[in-house]
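What follows is the content of query-v4.txt, which has compact mmCIF, C-alpha atoms:
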```txt
# COMPACT_ATOMS: atom_id res chain seq x y z
CA MET A 28 61.44 -10.95 42.07
CA SER A 29 60.51 -9.04 38.93
CA ALA A 30 57.55 -10.11 36.80
CA PRO A 31 58.49 -12.80 34.30
CA PRO A 32 59.06 -11.62 30.74
CA PRO A 33 56.68 -12.99 28.10
CA ILE A 34 59.47 -14.63 26.10
CA SER A 35 62.37 -16.85 27.15
CA VAL A 36 65.09 -17.41 24.56
CA LEU A 37 66.74 -20.84 24.76
CA LEU A 38 70.34 -20.47 23.56
CA PRO A 39 72.66 -23.50 23.78
CA VAL A 40 76.33 -22.76 23.06
CA ARG A 41 79.26 -25.08 22.41
CA ASP A 42 82.48 -23.50 21.08
CA GLY A 43 80.64 -20.76 19.22
CA GLY A 44 83.13 -17.99 19.91
CA THR A 45 83.84 -17.06 16.30
CA VAL A 46 80.16 -16.49 15.45
CA LEU A 47 78.44 -15.82 18.78
CA ALA A 48 78.87 -12.05 18.66
CA GLU A 49 76.66 -11.81 15.55
CA ALA A 50 73.93 -13.85 17.22
CA ILE A 51 74.10 -11.67 20.33
CA GLU A 52 73.91 -8.47 18.27
CA SER A 53 70.83 -9.76 16.48
CA LEU A 54 69.10 -10.48 19.80
CA GLU A 55 70.02 -7.07 21.17
CA ALA A 56 68.49 -5.51 18.04
CA GLN A 57 65.04 -7.11 18.47
CA THR A 58 62.22 -4.58 18.27
CA LEU A 59 60.29 -6.62 20.86
CA ALA A 60 62.76 -6.26 23.72
CA ASP A 61 60.82 -7.77 26.62
CA PHE A 62 62.50 -11.17 26.84
CA GLU A 63 65.04 -13.09 28.86
CA VAL A 64 67.87 -15.19 27.46
CA ILE A 65 68.78 -18.51 29.06
CA ALA A 66 72.21 -19.22 27.58
CA VAL A 67 73.68 -22.64 28.39
CA ASP A 68 77.42 -23.03 27.87
CA ASP A 69 77.62 -26.75 27.12
CA GLY A 70 81.27 -27.40 27.94
CA SER A 71 82.86 -24.90 25.56
CA THR A 72 86.64 -25.00 25.30
CA ASP A 73 87.02 -21.71 23.42
CA TYR A 74 86.18 -18.18 24.57
CA SER A 75 82.37 -18.60 24.31
CA SER A 76 82.04 -18.50 28.09
CA ASN A 77 83.81 -15.14 28.28
CA LEU A 78 81.53 -13.67 25.59
CA LEU A 79 78.44 -14.91 27.41
CA GLN A 80 79.59 -13.59 30.78
CA GLU A 81 80.44 -10.21 29.31
CA TRP A 82 76.99 -10.11 27.71
CA ALA A 83 75.30 -10.95 31.02
CA ILE A 84 77.19 -8.16 32.80
CA ARG A 85 75.95 -5.51 30.40
CA ASP A 86 72.43 -6.95 29.85
CA ALA A 87 70.31 -7.91 32.87
CA ARG A 88 68.03 -9.98 30.62
CA VAL A 89 70.75 -12.60 30.16
CA ASN A 90 71.18 -15.61 32.45
CA VAL A 91 74.22 -17.80 31.75
CA LEU A 92 74.31 -21.42 32.90
CA THR A 93 77.35 -23.65 32.54
CA GLN A 94 77.64 -27.42 32.41
CA GLU A 95 79.97 -30.18 31.33
CA PRO A 96 79.49 -31.15 27.66
CA MET A 97 76.19 -33.04 27.70
CA GLY A 98 74.76 -32.20 24.28
CA ILE A 99 72.07 -29.98 22.86
CA ILE A 100 69.10 -31.85 24.32
CA ALA A 101 70.40 -31.60 27.89
CA ALA A 102 71.28 -27.94 27.32
CA LEU A 103 67.84 -27.11 25.93
CA GLU A 104 66.04 -28.92 28.73
CA ARG A 105 68.13 -27.21 31.38
CA ALA A 106 67.27 -23.84 29.84
CA ARG A 107 63.59 -24.73 29.43
CA LEU A 108 63.18 -25.78 33.04
CA VAL A 109 64.35 -22.42 34.38
CA ALA A 110 62.65 -20.31 31.69
CA ARG A 111 59.92 -18.04 33.02
CA GLY A 112 58.28 -16.87 29.80
CA ALA A 113 54.90 -18.00 28.47
CA TYR A 114 56.67 -18.35 25.12
CA LEU A 115 59.94 -20.12 24.34
CA ALA A 116 62.01 -18.83 21.43
CA ARG A 117 64.91 -20.79 20.02
CA MET A 118 68.18 -19.34 18.86
CA ASP A 119 71.50 -20.91 17.97
CA ALA A 120 74.89 -19.38 18.54
CA ASP A 121 75.76 -19.30 14.85
CA ASP A 122 72.53 -17.85 13.42
CA ILE A 123 71.14 -14.34 13.03
CA SER A 124 67.59 -13.19 13.77
CA GLU A 125 66.22 -10.19 11.89
CA PRO A 126 65.09 -7.33 14.19
CA GLU A 127 61.37 -7.97 13.63
CA ARG A 128 61.53 -11.74 14.23
CA PHE A 129 60.22 -11.95 17.81
CA ALA A 130 57.63 -9.21 17.26
CA ARG A 131 56.22 -10.92 14.18
CA GLN A 132 56.13 -14.36 15.79
CA TRP A 133 54.56 -12.92 18.95
CA ASP A 134 51.83 -11.28 16.88
CA LEU A 135 51.12 -14.52 15.02
CA MET A 136 50.90 -16.62 18.20
CA GLU A 137 48.74 -14.02 19.96
CA SER A 138 46.35 -13.94 16.99
CA ASP A 139 45.43 -17.64 17.31
CA GLU A 140 45.30 -19.44 20.64
CA ARG A 141 45.29 -22.79 18.83
CA LEU A 142 48.88 -22.26 17.71
CA VAL A 143 51.41 -24.11 19.84
CA LEU A 144 54.49 -23.47 17.70
CA CYS A 145 55.39 -21.19 14.84
CA GLY A 146 58.51 -20.72 12.81
CA CYS A 147 59.49 -18.20 10.19
CA GLY A 148 61.01 -18.15 6.75
CA VAL A 149 64.74 -18.80 6.63
CA GLU A 150 67.66 -17.84 4.43
CA TYR A 151 70.88 -19.83 4.40
CA PHE A 152 74.15 -17.92 4.57
CA PRO A 153 76.97 -17.22 3.77
CA PRO A 154 76.18 -17.55 0.04
CA GLU A 155 79.50 -19.22 -0.81
CA SER A 156 78.70 -22.12 1.52
CA VAL A 157 75.14 -22.75 0.30
CA ARG A 158 74.97 -25.72 -2.06
CA ASP A 159 72.15 -26.87 -4.31
CA GLY A 160 70.76 -29.30 -1.72
CA ALA A 161 70.48 -26.55 0.89
CA ARG A 162 68.80 -24.25 -1.65
CA ARG A 163 66.23 -26.93 -2.47
CA TYR A 164 65.56 -27.54 1.22
CA GLN A 165 65.23 -23.81 1.87
CA ALA A 166 62.71 -23.47 -0.97
CA TRP A 167 60.73 -26.48 0.31
CA LEU A 168 60.81 -25.21 3.89
CA ASN A 169 59.67 -21.72 2.96
CA ALA A 170 56.80 -22.97 0.77
CA SER A 171 54.58 -24.11 3.69
CA ASN A 172 53.14 -21.50 6.04
CA THR A 173 49.65 -22.43 7.23
CA HIS A 174 48.87 -25.33 9.56
CA ASP A 175 47.40 -27.43 6.76
CA GLU A 176 50.37 -26.78 4.48
CA ILE A 177 52.84 -27.64 7.23
CA ALA A 178 50.94 -30.74 8.37
CA ARG A 179 50.81 -32.33 4.93
CA GLU A 180 54.61 -32.14 4.76
CA ILE A 181 55.23 -33.26 8.34
CA PHE A 182 56.38 -36.79 7.43
CA VAL A 183 58.50 -35.60 4.50
CA GLU A 184 60.98 -33.67 6.64
CA CYS A 185 60.91 -31.30 9.59
CA PRO A 186 58.78 -28.46 8.13
CA LEU A 187 60.01 -25.80 10.58
CA ALA A 188 63.61 -24.74 11.12
CA HIS A 189 64.65 -25.46 14.71
CA PRO A 190 66.39 -22.12 15.44
CA SER A 191 63.22 -20.36 14.27
CA PHE A 192 60.93 -22.08 16.82
CA PHE A 193 58.63 -19.84 18.87
CA MET A 194 56.51 -22.02 21.19
CA ARG A 195 53.96 -21.93 23.96
CA ALA A 196 55.89 -23.07 27.03
CA GLU A 197 52.86 -24.84 28.48
CA ALA A 198 52.30 -26.85 25.30
CA VAL A 199 55.94 -27.94 25.21
CA SER A 200 55.77 -28.98 28.86
CA ASP A 201 52.56 -30.92 28.25
CA VAL A 202 54.26 -33.15 25.66
CA GLY A 203 57.36 -33.72 27.78
CA GLY A 204 59.80 -31.14 26.43
CA TYR A 205 62.86 -32.09 24.42
CA GLN A 206 63.54 -35.82 24.50
CA ASP A 207 66.39 -38.08 23.41
CA HIS A 208 65.28 -41.01 21.27
CA GLY A 209 68.36 -41.20 19.07
CA TRP A 210 66.89 -39.02 16.34
CA ALA A 211 66.47 -35.29 15.70
CA GLU A 212 65.12 -33.68 18.88
CA ASP A 213 63.48 -30.77 17.05
CA TYR A 214 61.62 -32.97 14.56
CA ASP A 215 60.47 -35.24 17.36
CA LEU A 216 59.13 -32.25 19.32
CA VAL A 217 57.27 -30.89 16.29
CA LEU A 218 55.64 -34.27 15.70
CA ARG A 219 54.60 -34.62 19.34
CA LEU A 220 53.11 -31.12 19.37
CA TRP A 221 51.23 -31.86 16.14
CA ARG A 222 49.99 -35.17 17.53
CA SER A 223 48.73 -33.36 20.64
CA GLY A 224 46.23 -31.51 18.45
CA GLY A 225 47.94 -28.14 18.46
CA SER A 226 48.25 -25.98 15.37
CA LEU A 227 51.53 -25.12 13.70
CA GLY A 228 52.24 -21.92 11.80
CA LYS A 229 54.91 -19.78 10.24
CA VAL A 230 55.65 -16.14 9.56
CA PRO A 231 56.41 -16.39 5.85
CA GLU A 232 59.10 -13.71 5.67
CA ALA A 233 62.73 -14.83 6.03
CA LEU A 234 63.39 -13.55 9.56
CA LEU A 235 66.16 -16.02 10.41
CA ARG A 236 69.51 -16.24 8.68
CA TRP A 237 70.56 -19.87 9.06
CA ARG A 238 74.30 -20.44 8.90
CA GLU A 239 75.35 -23.24 6.56
CA GLY A 240 78.58 -25.21 6.83
CA ASP A 241 80.10 -28.67 7.08
CA GLN A 242 80.49 -28.42 10.87
CA ARG A 243 76.79 -28.02 11.61
CA LEU A 244 75.52 -30.56 14.12
CA SER A 245 73.05 -31.85 11.54
CA ARG A 246 76.02 -32.71 9.33
CA THR A 247 78.16 -34.44 11.96
CA ASN A 248 75.85 -36.23 14.44
CA GLU A 249 74.24 -39.55 13.57
CA ARG A 250 70.94 -38.54 15.19
CA TYR A 251 70.38 -36.34 12.12
CA SER A 252 71.19 -39.06 9.56
CA SER A 253 68.65 -40.18 6.97
CA GLU A 254 68.30 -43.50 8.77
CA ALA A 255 67.54 -41.77 12.09
CA PHE A 256 64.95 -39.53 10.45
CA ARG A 257 63.22 -42.60 8.97
CA ARG A 258 63.11 -44.25 12.40
CA CYS A 259 61.53 -41.10 13.81
CA LYS A 260 58.91 -41.01 11.05
CA VAL A 261 58.08 -44.70 11.45
CA HIS A 262 57.70 -44.28 15.20
CA HIS A 263 55.23 -41.42 14.86
CA LEU A 264 53.35 -43.05 11.98
CA ARG A 265 52.85 -46.09 14.20
CA GLU A 266 51.62 -43.87 17.02
CA THR A 267 49.10 -42.12 14.76
CA PHE A 268 47.87 -44.04 11.72
CA LEU A 269 49.25 -47.55 11.57
CA GLY A 270 47.87 -49.15 14.72
CA ALA A 271 44.37 -49.68 13.34
CA ARG A 272 45.48 -50.61 9.82
CA GLN A 273 46.05 -54.01 8.28
CA GLY A 274 49.46 -53.15 6.90
CA VAL A 275 50.76 -50.47 4.56
CA VAL A 276 51.09 -49.97 0.83
CA ILE A 277 54.25 -48.14 -0.18
CA TRP A 278 53.86 -46.10 -3.34
CA GLY A 279 57.25 -46.09 -5.01
CA ALA A 280 59.66 -49.00 -5.39
CA GLY A 281 62.71 -46.82 -5.86
CA PRO A 282 65.42 -45.97 -3.32
CA VAL A 283 63.10 -43.91 -1.09
CA GLY A 284 60.37 -46.54 -1.01
CA LYS A 285 62.76 -49.43 -0.43
CA ALA A 286 64.55 -47.62 2.41
CA PHE A 287 61.24 -46.77 4.05
CA GLY A 288 60.10 -50.36 3.63
CA ARG A 289 63.21 -51.59 5.45
CA ALA A 290 62.59 -49.14 8.29
CA LEU A 291 58.96 -50.24 8.61
CA GLY A 292 59.94 -53.91 8.54
CA LYS A 293 62.45 -53.44 11.36
CA GLU A 294 59.61 -52.12 13.52
CA GLY A 295 57.35 -55.04 12.70
CA VAL A 296 55.00 -53.15 10.40
CA GLN A 297 53.40 -55.39 7.77
CA ILE A 298 54.07 -54.27 4.21
CA SER A 299 51.09 -55.41 2.17
CA ALA A 300 52.44 -54.27 -1.18
CA PHE A 301 54.48 -51.78 -3.12
CA ALA A 302 52.72 -49.77 -5.84
CA GLU A 303 54.47 -48.76 -9.06
CA VAL A 304 53.80 -47.24 -12.46
CA ASP A 305 57.04 -48.62 -13.96
CA PRO A 306 56.00 -51.82 -15.80
CA ARG A 307 59.52 -53.24 -15.34
CA LYS A 308 59.00 -53.36 -11.55
CA ILE A 309 55.41 -54.60 -11.47
CA GLY A 310 55.30 -58.26 -10.52
CA GLN A 311 58.57 -58.18 -8.60
CA ASN A 312 58.84 -58.91 -4.89
CA ILE A 313 60.48 -56.43 -2.48
CA HIS A 314 61.00 -57.12 1.22
CA GLY A 315 58.56 -60.01 0.89
CA ALA A 316 55.79 -57.85 -0.60
CA PRO A 317 54.51 -57.86 -4.21
CA VAL A 318 54.88 -54.87 -6.51
CA LEU A 319 51.41 -54.04 -7.84
CA ASN A 320 50.11 -51.70 -10.50
CA THR A 321 48.19 -48.65 -9.34
CA ALA A 322 44.71 -50.09 -9.88
CA SER A 323 45.50 -53.21 -7.85
CA ALA A 324 47.10 -51.18 -5.07
CA LEU A 325 44.13 -48.83 -4.83
CA GLY A 326 41.89 -51.86 -4.53
CA LEU A 327 43.46 -52.95 -1.25
CA ARG A 328 41.30 -52.14 1.77
CA GLY A 329 42.10 -51.61 5.43
CA VAL A 330 45.67 -50.48 4.69
CA PHE A 331 47.50 -47.18 5.08
CA HIS A 332 49.11 -45.73 1.97
CA ILE A 333 52.57 -44.17 2.11
CA ALA A 334 53.78 -42.08 -0.82
CA ALA A 335 57.55 -42.56 -0.77
CA VAL A 336 59.08 -40.88 -3.78
CA GLY A 337 61.92 -38.43 -4.23
CA GLN A 338 61.66 -37.23 -7.81
CA PRO A 339 60.56 -33.62 -8.39
CA GLY A 340 56.82 -33.53 -9.01
CA ALA A 341 56.24 -37.20 -8.18
CA ARG A 342 54.89 -36.44 -4.71
CA GLU A 343 52.21 -34.12 -6.06
CA THR A 344 51.30 -36.68 -8.73
CA LEU A 345 50.73 -39.31 -6.05
CA ARG A 346 48.77 -36.87 -3.90
CA SER A 347 46.42 -36.27 -6.83
CA LEU A 348 46.12 -39.98 -7.59
CA LEU A 349 45.37 -41.02 -4.01
CA SER A 350 43.02 -38.10 -3.35
CA GLY A 351 41.20 -38.88 -6.59
CA ALA A 352 40.57 -42.38 -5.26
CA ASP A 353 38.71 -40.86 -2.29
CA LEU A 354 41.64 -41.33 0.08
CA HIS A 355 42.29 -38.48 2.50
CA GLU A 356 45.75 -37.18 3.34
CA LEU A 357 46.75 -37.67 6.98
CA GLN A 358 43.84 -40.04 7.39
CA ASP A 359 44.35 -42.69 4.71
CA PHE A 360 47.75 -41.73 3.36
CA ALA A 361 50.83 -39.66 4.07
CA CYS A 362 53.78 -38.49 2.02
CA VAL A 363 57.28 -39.35 3.23
CA ALA A 364 60.83 -38.94 2.00
```

Represent the structure contained in this file as structure tokens.
Amino acid sequence: MSAPPPISVLLPVRDGGTVLAEAIESLEAQTLADFEVIAVDDGSTDYSSNLLQEWAIRDARVNVLTQEPMGIIAALERARLVARGAYLARMDADDISEPERFARQWDLMESDERLVLCGCGVEYFPPESVRDGARRYQAWLNASNTHDEIAREIFVECPLAHPSFFMRAEAVSDVGGYQDHGWAEDYDLVLRLWRSGGSLGKVPEALLRWREGDQRLSRTNERYSSEAFRRCKVHHLRETFLGARQGVVIWGAGPVGKAFGRALGKEGVQISAFAEVDPRKIGQNIHGAPVLNTASALGLRGVFHIAAVGQPGARETLRSLLSGADLHELQDFACVA
């Protein structure tokens, strides 16, 4: 058997025939060409299987596996378990990687052995399908590159785009690979890798073109709903910060704060108080907890503070307020959305 390549590309495919050729071309154009592709045809009913088989015939680096439709998690795990590379690179059938993507991510990971996962900058396409919400998310996603920048946003949203993942295979195995908990599998994996003590990074340049459209899995599957994301965040907050705390203070009594309070309450987390600057809300009672002014909320001890606001600029304002009160981010407080 030949020596294993350094990189294994995990490529799940389900009915991607109309866009798969572009993804394949972008992989064939990679300047770092020493990789294998583990393509899993997850029960396609179109001509995806034919495209994959034709690709495998002309390119010995490609290994095509087929299965009944079992979903992306099962497809990724099947690919991961046969992958031979020290690094795992993700790719989706409808996205496009720039030629330098693997080379740049390889260089970044090789430069720092503490890194367990890196992403890259992304650009949504085609332009006519990209709405304002996607543009805001793209800007937010591309703003964090270092481990510290990524970590401080880790409970706001998934700070790395899944099809841009480039991971140490051993680190992924150590945390149990992709798992199905009823919420986003990529976000869950990022959080488990972060909790394991590994560093996260990103090549800042936009090396992945991320296809936007109403049929994306994140638009159609309930595991990617706002409610599922909150359950994921609450789970990992409990596993990290909340166990040794005497309840939480939620900063923000608007829609984001109230929704997060409901999610915490469902998991049995004690809500000590909400904190607000709006005098109309101070003195009210939400989910059984009082709404306090900022001075009273900062005076509470033994609690964990959660900044749960959605307005532009409000998150940074709360970061400054809490840090100025000698509270430390990702020790005493975290920002969520």

Compile the contact shell of range 96-113 of chain A as a PyMOL selection string: residues with an atom at most 6 Å away, counting only C-alpha atoms, same-chain residues fewer than 2 positions apart removed. chain A and resi 31-35+37+39+65+67+69-70+196

Point out the residue among A:Gly224, A:Glu150, A:Arg179, A:Asp134 with the least atom-to-atom distance to His355 in chain A, counting all atoms listed in the file. A:Arg179

For CA of Phe62 in chain A and CA of Ser171 in chain A, the interatomic separation in Å (one decimal):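 Atom-to-atom, CA of Phe62 in chain A and CA of Ser171 in chain A are spaced 27.7 Å apart.
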
Around (51.7, -34.7, 17.7), as given in the file, which residues come within 12 Å? Count all atoms listed in the file and list them as a ChimeraX atom specification. /A:143-144,178,181-182,198-199,201-203,214-227,260,262-268

For Ala255 in chain A, please output as a PyMOL selection string all residues within 8 Å (counting all atoms listed in the file; exclusion window: fewer than 5 positions along the same chain). chain A and resi 209-211+249-250

Please produce a file of those selected residues containing C-alpha atoms, as a PDB file, in the frame of the given file.
```pdb
ATOM      1  CA  GLY A 209      68.360 -41.200  19.070  1.00  0.00           C
ATOM      2  CA  TRP A 210      66.890 -39.020  16.340  1.00  0.00           C
ATOM      3  CA  ALA A 211      66.470 -35.290  15.700  1.00  0.00           C
ATOM      4  CA  GLU A 249      74.240 -39.550  13.570  1.00  0.00           C
ATOM      5  CA  ARG A 250      70.940 -38.540  15.190  1.00  0.00           C
TER       6      ARG A 250
END
```

Which residue is closest to Ser75 in chain A? Choose from A:Asp42, A:Asp119, A:Glu197, A:Glu239 and count all atoms listed in the file. A:Asp42

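Using all atoms listed in the file, the shortest contact distance between Ala120 in chain A and any of A:Tyr151, A:Trp237, A:Phe193, A:Phe360 is found at A:Trp237.
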
Spatial sel., origin (51.3, -52.7, -3.0), limit 8 Å, all atoms listed in the file, listed as a PDB file with C-alpha atoms, keeping the file's coordinate frame:
```
ATOM      1  CA  VAL A 275      50.760 -50.470   4.560  1.00  0.00           C
ATOM      2  CA  VAL A 276      51.090 -49.970   0.830  1.00  0.00           C
ATOM      3  CA  ILE A 277      54.250 -48.140  -0.180  1.00  0.00           C
ATOM      4  CA  TRP A 278      53.860 -46.100  -3.340  1.00  0.00           C
ATOM      5  CA  ILE A 298      54.070 -54.270   4.210  1.00  0.00           C
ATOM      6  CA  SER A 299      51.090 -55.410   2.170  1.00  0.00           C
ATOM      7  CA  ALA A 300      52.440 -54.270  -1.180  1.00  0.00           C
ATOM      8  CA  PHE A 301      54.480 -51.780  -3.120  1.00  0.00           C
ATOM      9  CA  ALA A 302      52.720 -49.770  -5.840  1.00  0.00           C
ATOM     10  CA  GLU A 303      54.470 -48.760  -9.060  1.00  0.00           C
ATOM     11  CA  ALA A 316      55.790 -57.850  -0.600  1.00  0.00           C
ATOM     12  CA  PRO A 317      54.510 -57.860  -4.210  1.00  0.00           C
ATOM     13  CA  VAL A 318      54.880 -54.870  -6.510  1.00  0.00           C
ATOM     14  CA  LEU A 319      51.410 -54.040  -7.840  1.00  0.00           C
ATOM     15  CA  ASN A 320      50.110 -51.700 -10.500  1.00  0.00           C
ATOM     16  CA  SER A 323      45.500 -53.210  -7.850  1.00  0.00           C
ATOM     17  CA  ALA A 324      47.100 -51.180  -5.070  1.00  0.00           C
TER      18      ALA A 324
END
```

Tell me which of A:Ala60, A:Val330, A:Asp207, A:Pro154 sits closest to Gln358 in chain A, counting only C-alpha atoms.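 Among the listed residues, A:Val330 lies closest to Gln358 in chain A.
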
Which of these, A:Ala66, A:Arg163, A:Val36, A:Glu294, has the shortest distance to Ser191 in chain A once you count only C-alpha atoms? A:Val36

Measuring atom to atom with only C-alpha atoms, identify which of A:Gly204, A:Gly240, A:Pro190, A:Gly228 is nearest to Val157 in chain A.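 Going through A:Gly204, A:Gly240, A:Pro190, A:Gly228 one by one, the smallest distance to Val157 in chain A is for A:Gly240.
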
CA of Tyr164 in chain A to CA of Val261 in chain A, straight-line distance in Å: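 Going from CA of Val261 in chain A over to CA of Tyr164 in chain A, I get 21.3 Å.
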
Please compute the CA of Pro306 in chain A-CA of Leu349 in chain A distance, one decimal, in Å.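 CA of Leu349 in chain A lies at a distance of 19.2 Å from CA of Pro306 in chain A.
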
Write a file for range 274-311 of chain A, containing C-alpha atoms (output as a PDB file, in the first residue's frame).
```
ATOM      1  CA  GLY A 274     -26.665  30.961  38.625  1.00  0.00           C
ATOM      2  CA  VAL A 275     -26.331  33.368  35.720  1.00  0.00           C
ATOM      3  CA  VAL A 276     -27.040  37.025  35.057  1.00  0.00           C
ATOM      4  CA  ILE A 277     -28.324  37.708  31.556  1.00  0.00           C
ATOM      5  CA  TRP A 278     -27.376  41.119  30.241  1.00  0.00           C
ATOM      6  CA  GLY A 279     -30.173  42.177  27.927  1.00  0.00           C
ATOM      7  CA  ALA A 280     -33.909  41.760  28.459  1.00  0.00           C
ATOM      8  CA  GLY A 281     -34.769  41.981  24.785  1.00  0.00           C
ATOM      9  CA  PRO A 282     -35.627  39.145  22.387  1.00  0.00           C
ATOM     10  CA  VAL A 283     -32.116  37.623  22.459  1.00  0.00           C
ATOM     11  CA  GLY A 284     -31.863  37.674  26.244  1.00  0.00           C
ATOM     12  CA  LYS A 285     -35.361  36.328  26.796  1.00  0.00           C
ATOM     13  CA  ALA A 286     -34.859  33.484  24.313  1.00  0.00           C
ATOM     14  CA  PHE A 287     -31.568  32.553  25.931  1.00  0.00           C
ATOM     15  CA  GLY A 288     -33.200  32.700  29.347  1.00  0.00           C
ATOM     16  CA  ARG A 289     -35.865  30.231  28.205  1.00  0.00           C
ATOM     17  CA  ALA A 290     -33.196  27.873  26.864  1.00  0.00           C
ATOM     18  CA  LEU A 291     -31.236  28.036  30.126  1.00  0.00           C
ATOM     19  CA  GLY A 292     -34.369  27.466  32.184  1.00  0.00           C
ATOM     20  CA  LYS A 293     -35.269  24.351  30.207  1.00  0.00           C
ATOM     21  CA  GLU A 294     -31.897  22.892  31.182  1.00  0.00           C
ATOM     22  CA  GLY A 295     -32.360  23.700  34.844  1.00  0.00           C
ATOM     23  CA  VAL A 296     -29.909  26.601  34.974  1.00  0.00           C
ATOM     24  CA  GLN A 297     -30.794  29.148  37.652  1.00  0.00           C
ATOM     25  CA  ILE A 298     -31.297  32.656  36.311  1.00  0.00           C
ATOM     26  CA  SER A 299     -30.337  35.009  39.114  1.00  0.00           C
ATOM     27  CA  ALA A 300     -31.273  38.204  37.293  1.00  0.00           C
ATOM     28  CA  PHE A 301     -31.512  40.068  34.041  1.00  0.00           C
ATOM     29  CA  ALA A 302     -29.504  43.288  33.676  1.00  0.00           C
ATOM     30  CA  GLU A 303     -30.787  46.265  31.690  1.00  0.00           C
ATOM     31  CA  VAL A 304     -30.028  49.896  30.947  1.00  0.00           C
ATOM     32  CA  ASP A 305     -33.591  50.625  29.774  1.00  0.00           C
ATOM     33  CA  PRO A 306     -35.344  52.190  32.799  1.00  0.00           C
ATOM     34  CA  ARG A 307     -38.713  50.951  31.502  1.00  0.00           C
ATOM     35  CA  LYS A 308     -37.617  47.330  32.009  1.00  0.00           C
ATOM     36  CA  ILE A 309     -35.822  47.705  35.345  1.00  0.00           C
ATOM     37  CA  GLY A 310     -37.961  46.323  38.150  1.00  0.00           C
ATOM     38  CA  GLN A 311     -39.850  43.894  35.936  1.00  0.00           C
TER      39      GLN A 311
END
```
